[in-house]
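Peer 1: File coords08.cif follows (mmCIF, C-alpha atoms):
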data_structure
loop_
_atom_site.label_atom_id
_atom_site.label_comp_id
_atom_site.auth_asym_id
_atom_site.auth_seq_id
_atom_site.Cartn_x
_atom_site.Cartn_y
_atom_site.Cartn_z
CA MET A 16 18.48 -85.01 41.12
CA PHE A 17 16.28 -88.05 40.43
CA VAL A 18 14.27 -89.24 43.42
CA ASP A 19 12.94 -92.80 43.33
CA TYR A 20 9.68 -92.47 45.24
CA ASN A 21 7.92 -95.61 46.38
CA TYR A 22 4.53 -93.93 46.32
CA ASP A 23 1.65 -93.93 43.87
CA MET A 24 -0.60 -91.18 45.16
CA LYS A 25 -3.69 -89.24 44.10
CA LEU A 26 -2.89 -85.54 44.04
CA ALA A 27 -5.47 -82.76 44.29
CA ILE A 28 -4.46 -79.21 43.37
CA CYS A 29 -6.75 -76.55 44.86
CA ILE A 30 -6.81 -73.06 43.33
CA PRO A 31 -8.92 -70.43 45.15
CA ALA A 32 -9.84 -67.76 42.61
CA PHE A 33 -11.66 -64.45 42.56
CA ASN A 34 -11.78 -62.52 39.26
CA GLU A 35 -8.55 -64.02 37.91
CA GLU A 36 -9.41 -64.42 34.21
CA GLN A 37 -6.07 -62.84 33.26
CA THR A 38 -3.92 -65.34 35.17
CA ILE A 39 -5.84 -68.56 35.92
CA GLY A 40 -5.05 -70.03 32.48
CA ARG A 41 -1.31 -69.69 32.97
CA VAL A 42 -1.50 -71.29 36.42
CA ILE A 43 -3.37 -74.32 35.07
CA GLU A 44 -1.31 -74.60 31.90
CA ALA A 45 1.95 -74.75 33.84
CA ILE A 46 0.89 -77.65 36.09
CA PRO A 47 3.22 -80.56 35.29
CA ARG A 48 1.64 -83.46 33.43
CA GLU A 49 3.69 -85.91 35.46
CA ILE A 50 5.07 -85.67 38.99
CA PRO A 51 7.23 -88.46 40.45
CA GLY A 52 5.24 -90.34 43.09
CA VAL A 53 1.84 -89.21 41.76
CA SER A 54 -0.40 -91.56 39.78
CA LEU A 55 -3.53 -89.43 39.36
CA MET A 56 -4.02 -85.67 39.44
CA LYS A 57 -7.09 -83.42 39.63
CA VAL A 58 -7.44 -79.64 39.80
CA PHE A 59 -10.21 -77.96 41.78
CA VAL A 60 -10.70 -74.30 40.88
CA VAL A 61 -12.72 -72.75 43.72
CA ASP A 62 -14.41 -69.79 42.05
CA ASP A 63 -15.22 -67.47 44.94
CA GLY A 64 -18.06 -65.48 43.40
CA SER A 65 -16.12 -64.15 40.40
CA THR A 66 -17.90 -61.69 38.15
CA ASP A 67 -15.49 -62.08 35.23
CA HIS A 68 -14.63 -65.06 33.00
CA THR A 69 -12.47 -66.97 35.49
CA GLN A 70 -14.49 -70.20 35.08
CA LYS A 71 -14.58 -69.95 31.29
CA VAL A 72 -10.85 -69.37 30.96
CA ALA A 73 -10.05 -72.23 33.36
CA THR A 74 -12.25 -74.64 31.42
CA GLN A 75 -10.95 -73.49 28.02
CA THR A 76 -7.37 -73.96 29.22
CA ALA A 77 -8.07 -77.54 30.31
CA VAL A 78 -9.83 -78.25 27.00
CA GLY A 79 -6.87 -76.86 25.10
CA LEU A 80 -4.59 -79.20 27.01
CA GLY A 81 -6.88 -82.12 26.23
CA ARG A 82 -7.34 -82.75 29.95
CA GLU A 83 -10.78 -81.37 30.78
CA LYS A 84 -12.65 -84.66 31.30
CA TYR A 85 -10.61 -86.00 34.20
CA PHE A 86 -8.35 -83.11 35.11
CA LEU A 87 -10.48 -80.12 36.10
CA GLU A 88 -13.48 -79.42 38.32
CA ILE A 89 -14.95 -75.97 38.92
CA VAL A 90 -16.26 -75.47 42.45
CA GLU A 91 -18.57 -72.46 42.48
CA VAL A 92 -19.07 -70.37 45.62
CA LYS A 93 -21.72 -67.63 45.61
CA PRO A 94 -21.67 -64.94 46.77
CA ASN A 95 -18.01 -64.11 47.38
CA LYS A 96 -17.11 -65.39 50.87
CA GLY A 97 -13.41 -64.68 51.08
CA LEU A 98 -10.10 -66.50 51.01
CA ALA A 99 -10.49 -68.54 54.21
CA ASN A 100 -13.76 -70.08 53.01
CA ALA A 101 -12.43 -70.70 49.49
CA PHE A 102 -9.38 -72.50 50.89
CA LEU A 103 -11.45 -74.71 53.17
CA THR A 104 -13.95 -75.46 50.39
CA GLY A 105 -11.11 -76.68 48.18
CA ILE A 106 -9.66 -78.88 50.92
CA LYS A 107 -13.05 -80.50 51.56
CA LYS A 108 -13.58 -81.15 47.84
CA ALA A 109 -10.14 -82.69 47.51
CA LEU A 110 -10.73 -84.98 50.48
CA SER A 111 -14.12 -86.09 49.17
CA TRP A 112 -12.45 -86.97 45.84
CA GLY A 113 -10.07 -89.23 47.75
CA ALA A 114 -6.87 -87.19 47.49
CA GLU A 115 -3.93 -88.62 49.37
CA VAL A 116 -1.92 -85.43 49.05
CA ILE A 117 -3.23 -81.90 48.47
CA VAL A 118 -1.57 -78.76 47.12
CA ASN A 119 -3.02 -75.27 47.48
CA ILE A 120 -1.80 -72.57 45.08
CA ASP A 121 -3.11 -69.07 44.37
CA ALA A 122 -4.72 -68.19 41.03
CA ASP A 123 -2.85 -64.92 40.54
CA GLY A 124 0.23 -66.44 38.88
CA GLN A 125 2.76 -65.32 41.47
CA TYR A 126 3.71 -68.87 42.43
CA ARG A 127 5.04 -71.18 39.73
CA SER A 128 2.89 -74.26 39.15
CA GLU A 129 6.01 -75.91 37.69
CA GLU A 130 7.35 -76.12 41.26
CA ILE A 131 4.52 -78.27 42.63
CA GLY A 132 6.76 -81.32 42.46
CA LEU A 133 9.45 -79.47 44.40
CA LEU A 134 6.97 -78.51 47.12
CA LEU A 135 5.76 -82.10 47.38
CA GLU A 136 9.20 -83.65 47.91
CA PRO A 137 9.24 -83.54 51.76
CA ILE A 138 5.77 -85.12 51.87
CA LEU A 139 6.38 -87.82 49.26
CA LYS A 140 9.64 -88.69 51.02
CA SER A 141 7.70 -88.98 54.33
CA GLU A 142 9.72 -86.17 55.89
CA ALA A 143 6.77 -83.83 56.55
CA ASP A 144 3.01 -83.75 57.01
CA MET A 145 2.76 -80.23 55.66
CA ALA A 146 5.03 -78.22 53.35
CA ILE A 147 5.15 -74.43 52.96
CA GLY A 148 6.56 -72.66 49.92
CA ASP A 149 9.03 -70.09 51.28
CA ARG A 150 8.92 -66.98 49.07
CA GLN A 151 12.09 -65.60 50.70
CA VAL A 152 10.20 -62.35 51.22
CA ARG A 153 13.19 -60.34 52.44
CA ARG A 154 14.77 -60.62 48.98
CA LEU A 155 11.73 -59.59 46.93
CA GLU A 156 12.48 -56.22 45.35
CA PHE A 157 9.08 -55.83 43.66
CA MET A 158 7.06 -56.26 46.88
CA SER A 159 6.01 -52.99 48.50
CA PRO A 160 7.62 -52.18 51.88
CA ALA A 161 4.22 -52.38 53.60
CA LYS A 162 3.59 -55.91 52.29
CA LYS A 163 7.17 -57.07 52.80
CA TYR A 164 7.51 -55.91 56.39
CA GLY A 165 3.92 -56.85 57.15
CA ASN A 166 4.72 -60.42 56.12
CA MET A 167 7.94 -60.43 58.09
CA VAL A 168 6.28 -59.05 61.23
CA GLY A 169 3.45 -61.58 61.00
CA SER A 170 5.92 -64.46 60.66
CA TRP A 171 8.03 -63.13 63.56
CA PHE A 172 4.95 -62.74 65.77
CA LEU A 173 3.85 -66.29 65.02
CA ARG A 174 7.32 -67.65 65.79
CA ARG A 175 7.44 -65.75 69.10
CA LEU A 176 4.05 -67.07 70.22
CA THR A 177 4.44 -70.69 69.17
CA GLY A 178 8.09 -71.44 68.51
CA VAL A 179 7.23 -72.64 64.99
CA HIS A 180 10.32 -71.93 62.91
CA VAL A 181 8.61 -70.82 59.71
CA ARG A 182 10.03 -67.87 57.78
CA ASP A 183 7.05 -67.26 55.50
CA ALA A 184 3.87 -67.80 57.50
CA SER A 185 1.67 -66.02 54.93
CA SER A 186 2.62 -68.16 51.95
CA GLY A 187 -0.38 -69.59 50.09
CA PHE A 188 1.64 -72.29 48.31
CA ARG A 189 1.19 -75.31 50.56
CA ALA A 190 1.00 -79.10 50.50
CA TYR A 191 -0.62 -81.53 52.93
CA THR A 192 -0.91 -85.23 53.50
CA ARG A 193 -4.48 -86.51 53.61
CA ALA A 194 -4.23 -87.05 57.37
CA ALA A 195 -3.04 -83.46 57.93
CA ALA A 196 -5.72 -82.01 55.64
CA LYS A 197 -8.47 -83.87 57.48
CA GLU A 198 -7.49 -82.03 60.68
CA ILE A 199 -7.75 -78.55 59.18
CA GLN A 200 -10.22 -76.21 60.83
CA VAL A 201 -10.57 -72.53 59.92
CA TYR A 202 -12.32 -70.14 62.30
CA SER A 203 -10.99 -66.93 60.77
CA LYS A 204 -13.16 -65.16 58.21
CA HIS A 205 -10.11 -63.30 56.88
CA THR A 206 -7.34 -65.74 55.99
CA TYR A 207 -6.31 -69.28 56.82
CA THR A 208 -2.52 -69.13 56.58
CA HIS A 209 -1.47 -68.33 60.14
CA GLU A 210 -4.22 -70.28 61.88
CA ASN A 211 -3.36 -73.31 59.77
CA LEU A 212 0.26 -73.23 60.95
CA ILE A 213 -0.65 -72.69 64.60
CA GLN A 214 -3.07 -75.59 64.54
CA ALA A 215 -0.48 -77.82 62.84
CA HIS A 216 2.05 -76.93 65.55
CA TYR A 217 -0.25 -77.85 68.42
CA LEU A 218 -1.28 -81.07 66.66
CA GLY A 219 2.38 -82.05 66.44
CA LEU A 220 2.49 -82.12 62.64
CA ARG A 221 5.87 -82.05 60.92
CA ILE A 222 6.21 -78.80 58.95
CA ALA A 223 8.77 -78.32 56.18
CA GLU A 224 9.67 -75.14 54.30
CA VAL A 225 10.73 -75.33 50.67
CA PRO A 226 12.29 -72.30 48.89
CA VAL A 227 10.10 -71.42 45.90
CA THR A 228 9.96 -68.78 43.19
CA PHE A 229 7.66 -65.80 43.71
CA ILE A 230 7.10 -63.16 41.03
CA SER A 231 5.09 -59.96 40.65
CA ARG A 232 1.57 -60.40 39.33
CA PRO A 233 1.71 -60.96 35.54
CA ASP A 234 -1.18 -58.50 35.02
CA GLY A 235 0.48 -55.85 37.19
CA ASN A 236 -2.42 -55.59 39.64
CA SER A 237 -2.59 -56.14 43.39
CA SER A 238 -3.84 -59.43 44.81
CA ARG A 239 -7.61 -59.72 44.76
CA LEU A 240 -7.68 -62.38 47.45
CA ILE A 241 -6.59 -59.92 50.14
CA ARG A 242 -7.65 -56.28 49.92
CA GLY A 243 -6.03 -53.39 51.81
CA VAL A 244 -2.49 -54.04 53.08
CA LEU A 245 -2.70 -52.24 56.44
CA ASN A 246 -6.11 -53.69 57.17
CA HIS A 247 -4.77 -57.12 56.26
CA ILE A 248 -1.79 -56.74 58.61
CA PHE A 249 -4.01 -55.67 61.51
CA LYS A 250 -6.48 -58.50 60.94
CA SER A 251 -3.65 -61.01 60.51
CA LEU A 252 -1.97 -60.11 63.82
CA LYS A 253 -5.32 -60.21 65.57
CA GLY A 254 -6.05 -63.56 63.96
CA ILE A 255 -2.66 -65.00 64.96
CA PHE A 256 -3.24 -64.12 68.61
CA ALA A 257 -6.81 -65.48 68.58
CA ALA A 258 -5.73 -68.74 66.93
CA TRP A 259 -2.81 -69.14 69.34
CA ARG A 260 -5.14 -68.77 72.34
CA ARG A 261 -7.67 -71.21 70.85
CA TRP A 262 -5.28 -74.01 69.91
CA ARG A 263 -3.11 -73.58 73.00
CA ARG A 264 -6.24 -73.93 75.15
CA ASN A 265 -7.37 -76.99 73.18
CA ALA A 266 -3.93 -78.59 73.52
CA LYS A 267 -4.13 -78.35 77.32
CA LYS A 268 -7.48 -80.17 77.55
#
Would you mind giving the structure from this file in structure tokens?
Peer 2:
Amino acid sequence: MFVDYNYDMKLAICIPAFNEEQTIGRVIEAIPREIPGVSLMKVFVVDDGSTDHTQKVATQTAVGLGREKYFLEIVEVKPNKGLANAFLTGIKKALSWGAEVIVNIDADGQYRSEEIGLLLEPILKSEADMAIGDRQVRRLEFMSPAKKYGNMVGSWFLRRLTGVHVRDASSGFRAYTRAAAKEIQVYSKHTYTHENLIQAHYLGLRIAEVPVTFISRPDGNSSRLIRGVLNHIFKSLKGIFAAWRRWRRNAKK
């Protein structure tokens, strides 16, 4: 369906990456050249202390597309500081560039860059301040039971605490208006996903979920952004509760 947007926005695409030389090229290559409602696009690859050729592959991909001069910026973080810091670093870079809408997508190739326009629709149509790519985790046959039910439990726990009706609270495929992105604060050293949603809820931001495609890692490995499934689940639940207490307390002041 053709959507006649009345917007002409600057889009920043943030890609946190840690040792993703096998997949980062595909993620960049698949980014649409044109997205309805977007006039200018820039990609920020936040290299979180990689020890492989992530930066080189990202740059070579942009050069191959003939887009390196205006399209790509490598943001180097040393030493490795983790996903939460990489996400926040990308958001800050995007805002300083003047982005009016920001997309965050992982570098591991599990989300489809081709669907960035789909994710942006609720924002460009002024229906949401923040959009989450719903992986429809329950249906994913390739995801291990520990990861699948860990994701489902985390989302359920967040819904019970806050009333936010989000099915996939751990999704890393997200879009924000500039105003929403400027409000983002991350206290967790582990991940940003749950805290981000809790904060958005207590700030009264409109949150939309968009069904998106999610595939197994093209290189067959586990995610490098989050290590240790059970440890991740424990830290996530602990983080959800801590963030809920913090933002609930702030909302009452």
Peer 1: List the residues matched by the PyMOL selection byres ((chain A and resi 144-158) around 9) in the displayed structure as an mmCIF file with C-alpha atoms, keeping the file's coordinate frame, ordered by chain and then by residue number.
Peer 2:
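The resulting file, selection.cif, is reproduced below:
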data_model
loop_
_atom_site.group_PDB
_atom_site.id
_atom_site.type_symbol
_atom_site.label_atom_id
_atom_site.label_comp_id
_atom_site.auth_asym_id
_atom_site.auth_seq_id
_atom_site.Cartn_x
_atom_site.Cartn_y
_atom_site.Cartn_z
ATOM 1 C CA TYR A 126 3.710 -68.870 42.430
ATOM 2 C CA LEU A 134 6.970 -78.510 47.120
ATOM 3 C CA LEU A 135 5.760 -82.100 47.380
ATOM 4 C CA GLU A 136 9.200 -83.650 47.910
ATOM 5 C CA PRO A 137 9.240 -83.540 51.760
ATOM 6 C CA ILE A 138 5.770 -85.120 51.870
ATOM 7 C CA SER A 141 7.700 -88.980 54.330
ATOM 8 C CA GLU A 142 9.720 -86.170 55.890
ATOM 9 C CA ALA A 143 6.770 -83.830 56.550
ATOM 10 C CA SER A 159 6.010 -52.990 48.500
ATOM 11 C CA PRO A 160 7.620 -52.180 51.880
ATOM 12 C CA ALA A 161 4.220 -52.380 53.600
ATOM 13 C CA LYS A 162 3.590 -55.910 52.290
ATOM 14 C CA LYS A 163 7.170 -57.070 52.800
ATOM 15 C CA TYR A 164 7.510 -55.910 56.390
ATOM 16 C CA ASN A 166 4.720 -60.420 56.120
ATOM 17 C CA MET A 167 7.940 -60.430 58.090
ATOM 18 C CA VAL A 181 8.610 -70.820 59.710
ATOM 19 C CA ARG A 182 10.030 -67.870 57.780
ATOM 20 C CA ASP A 183 7.050 -67.260 55.500
ATOM 21 C CA ALA A 184 3.870 -67.800 57.500
ATOM 22 C CA SER A 186 2.620 -68.160 51.950
ATOM 23 C CA GLY A 187 -0.380 -69.590 50.090
ATOM 24 C CA PHE A 188 1.640 -72.290 48.310
ATOM 25 C CA ARG A 189 1.190 -75.310 50.560
ATOM 26 C CA ALA A 190 1.000 -79.100 50.500
ATOM 27 C CA TYR A 191 -0.620 -81.530 52.930
ATOM 28 C CA THR A 192 -0.910 -85.230 53.500
ATOM 29 C CA ARG A 193 -4.480 -86.510 53.610
ATOM 30 C CA ALA A 194 -4.230 -87.050 57.370
ATOM 31 C CA ALA A 195 -3.040 -83.460 57.930
ATOM 32 C CA ALA A 196 -5.720 -82.010 55.640
ATOM 33 C CA ALA A 215 -0.480 -77.820 62.840
ATOM 34 C CA LEU A 220 2.490 -82.120 62.640
ATOM 35 C CA ARG A 221 5.870 -82.050 60.920
ATOM 36 C CA ILE A 222 6.210 -78.800 58.950
ATOM 37 C CA ALA A 223 8.770 -78.320 56.180
ATOM 38 C CA GLU A 224 9.670 -75.140 54.300
ATOM 39 C CA VAL A 225 10.730 -75.330 50.670
ATOM 40 C CA PRO A 226 12.290 -72.300 48.890
ATOM 41 C CA VAL A 227 10.100 -71.420 45.900
ATOM 42 C CA THR A 228 9.960 -68.780 43.190
ATOM 43 C CA PHE A 229 7.660 -65.800 43.710
ATOM 44 C CA ILE A 230 7.100 -63.160 41.030
ATOM 45 C CA SER A 231 5.090 -59.960 40.650
#
Peer 1: Apply the PyMOL selection byres ((chain A and resi 97) around 12) to the displayed file and report the matching residues as an NGL selection string.
Peer 2: :A and (31-33 or 61-65 or 92-96 or 98-104 or 203-207 or 239-242)
Peer 1: Name every residue that the PyMOL selection byres ((chain A and resi 80) around 12) selects in this structure, writing the answer as a PyMOL selection string with chains first and numbers rising.
Peer 2: chain A and resi 40-41+43-48+73-79+81-87
Peer 1: Can you work out the spacing between CA of Val72 (chain A) and CA of Val60 (chain A) in Å, to one decimal?
Peer 2: 11.1 Å
Peer 1: For the atom pair CA of Ile213 (chain A) and CA of Lys197 (chain A), what is the interatomic distance in Å to one decimal place?
Peer 2: 15.4 Å
Peer 1: Considering all atoms listed in the file, state which residue in the set A:Thr177, A:Val168, A:Ile199, A:His68 is at the smallest distance from Arg260 (chain A).
Peer 2: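 Among A:Thr177, A:Val168, A:Ile199, A:His68, it is A:Thr177 that comes nearest to Arg260 (chain A).
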Peer 1: For a quick check of understanding, using only C-alpha atoms, which of A:Ile117, A:Val179, A:Ser111, A:Glu88 has the smallest distance to Leu26 (chain A)?
Peer 2: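 When distances to Leu26 (chain A) are compared using only C-alpha atoms, the smallest one comes from A:Ile117.
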Peer 1: Kindly add N, CA and C atoms to the incomplete region 123-157 of chain A and provide the output as a compact mmCIF listing (two decimals), keeping the file's coordinate frame.
Peer 2:
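Result went into selection-v4.txt, see below:
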# COMPACT_ATOMS: atom_id res chain seq x y z
N ASP A 123 -3.33 -66.18 41.10
CA ASP A 123 -2.85 -64.92 40.54
C ASP A 123 -1.54 -65.03 39.78
N GLY A 124 -0.97 -66.23 39.68
CA GLY A 124 0.23 -66.44 38.88
C GLY A 124 1.53 -66.04 39.53
N GLN A 125 1.52 -65.72 40.81
CA GLN A 125 2.76 -65.32 41.47
C GLN A 125 3.61 -66.51 41.91
N TYR A 126 2.98 -67.63 42.18
CA TYR A 126 3.71 -68.87 42.43
C TYR A 126 3.83 -69.61 41.10
N ARG A 127 4.83 -70.43 40.97
CA ARG A 127 5.04 -71.18 39.73
C ARG A 127 4.48 -72.60 39.88
N SER A 128 3.48 -72.91 39.10
CA SER A 128 2.89 -74.26 39.15
C SER A 128 3.93 -75.34 38.83
N GLU A 129 4.95 -74.96 38.04
CA GLU A 129 6.01 -75.91 37.69
C GLU A 129 6.72 -76.45 38.93
N GLU A 130 6.63 -75.73 40.05
CA GLU A 130 7.35 -76.12 41.26
C GLU A 130 6.51 -76.96 42.22
N ILE A 131 5.35 -77.42 41.78
CA ILE A 131 4.52 -78.27 42.63
C ILE A 131 5.27 -79.52 43.05
N GLY A 132 5.98 -80.13 42.13
CA GLY A 132 6.76 -81.32 42.46
C GLY A 132 7.82 -81.04 43.51
N LEU A 133 8.44 -79.88 43.41
CA LEU A 133 9.45 -79.47 44.40
C LEU A 133 8.83 -79.33 45.78
N LEU A 134 7.66 -78.69 45.85
CA LEU A 134 6.97 -78.51 47.12
C LEU A 134 6.57 -79.84 47.75
N LEU A 135 6.24 -80.81 46.90
CA LEU A 135 5.76 -82.10 47.38
C LEU A 135 6.87 -83.01 47.91
N GLU A 136 8.12 -82.72 47.56
CA GLU A 136 9.20 -83.65 47.91
C GLU A 136 9.23 -84.06 49.38
N PRO A 137 9.18 -83.12 50.35
CA PRO A 137 9.24 -83.54 51.76
C PRO A 137 8.09 -84.46 52.16
N ILE A 138 6.93 -84.29 51.54
CA ILE A 138 5.77 -85.12 51.87
C ILE A 138 5.91 -86.50 51.22
N LEU A 139 6.26 -86.53 49.94
CA LEU A 139 6.38 -87.82 49.26
C LEU A 139 7.55 -88.65 49.78
N LYS A 140 8.52 -87.99 50.41
CA LYS A 140 9.64 -88.69 51.02
C LYS A 140 9.39 -88.98 52.50
N SER A 141 8.12 -88.73 52.94
CA SER A 141 7.70 -88.98 54.33
C SER A 141 8.52 -88.21 55.36
N GLU A 142 8.96 -87.02 54.99
CA GLU A 142 9.72 -86.17 55.89
C GLU A 142 8.86 -85.08 56.54
N ALA A 143 7.64 -84.89 56.03
CA ALA A 143 6.77 -83.83 56.55
C ALA A 143 5.31 -84.20 56.33
N ASP A 144 4.46 -83.61 57.17
CA ASP A 144 3.01 -83.75 57.01
C ASP A 144 2.43 -82.55 56.27
N MET A 145 3.21 -81.48 56.25
CA MET A 145 2.76 -80.23 55.66
C MET A 145 3.99 -79.48 55.15
N ALA A 146 3.91 -78.95 53.93
CA ALA A 146 5.03 -78.22 53.35
C ALA A 146 4.59 -76.82 52.96
N ILE A 147 5.43 -75.83 53.25
CA ILE A 147 5.15 -74.43 52.96
C ILE A 147 6.16 -73.93 51.93
N GLY A 148 5.67 -73.26 50.89
CA GLY A 148 6.56 -72.66 49.92
C GLY A 148 7.10 -71.34 50.45
N ASP A 149 8.39 -71.29 50.73
CA ASP A 149 9.03 -70.09 51.28
C ASP A 149 9.38 -69.13 50.14
N ARG A 150 8.71 -67.97 50.13
CA ARG A 150 8.92 -66.98 49.07
C ARG A 150 10.21 -66.18 49.25
N GLN A 151 10.88 -66.36 50.40
CA GLN A 151 12.09 -65.60 50.70
C GLN A 151 11.79 -64.10 50.56
N VAL A 152 10.78 -63.69 51.33
CA VAL A 152 10.20 -62.35 51.22
C VAL A 152 11.23 -61.23 51.34
N ARG A 153 12.20 -61.41 52.21
CA ARG A 153 13.19 -60.34 52.44
C ARG A 153 13.90 -59.95 51.15
N ARG A 154 14.03 -60.88 50.22
CA ARG A 154 14.77 -60.62 48.98
C ARG A 154 13.92 -60.05 47.85
N LEU A 155 12.62 -59.97 48.02
CA LEU A 155 11.73 -59.59 46.93
C LEU A 155 11.75 -58.08 46.71
N GLU A 156 12.35 -57.64 45.63
CA GLU A 156 12.48 -56.22 45.35
C GLU A 156 11.17 -55.59 44.86
N PHE A 157 10.32 -56.39 44.22
CA PHE A 157 9.08 -55.83 43.66
C PHE A 157 7.99 -55.66 44.71
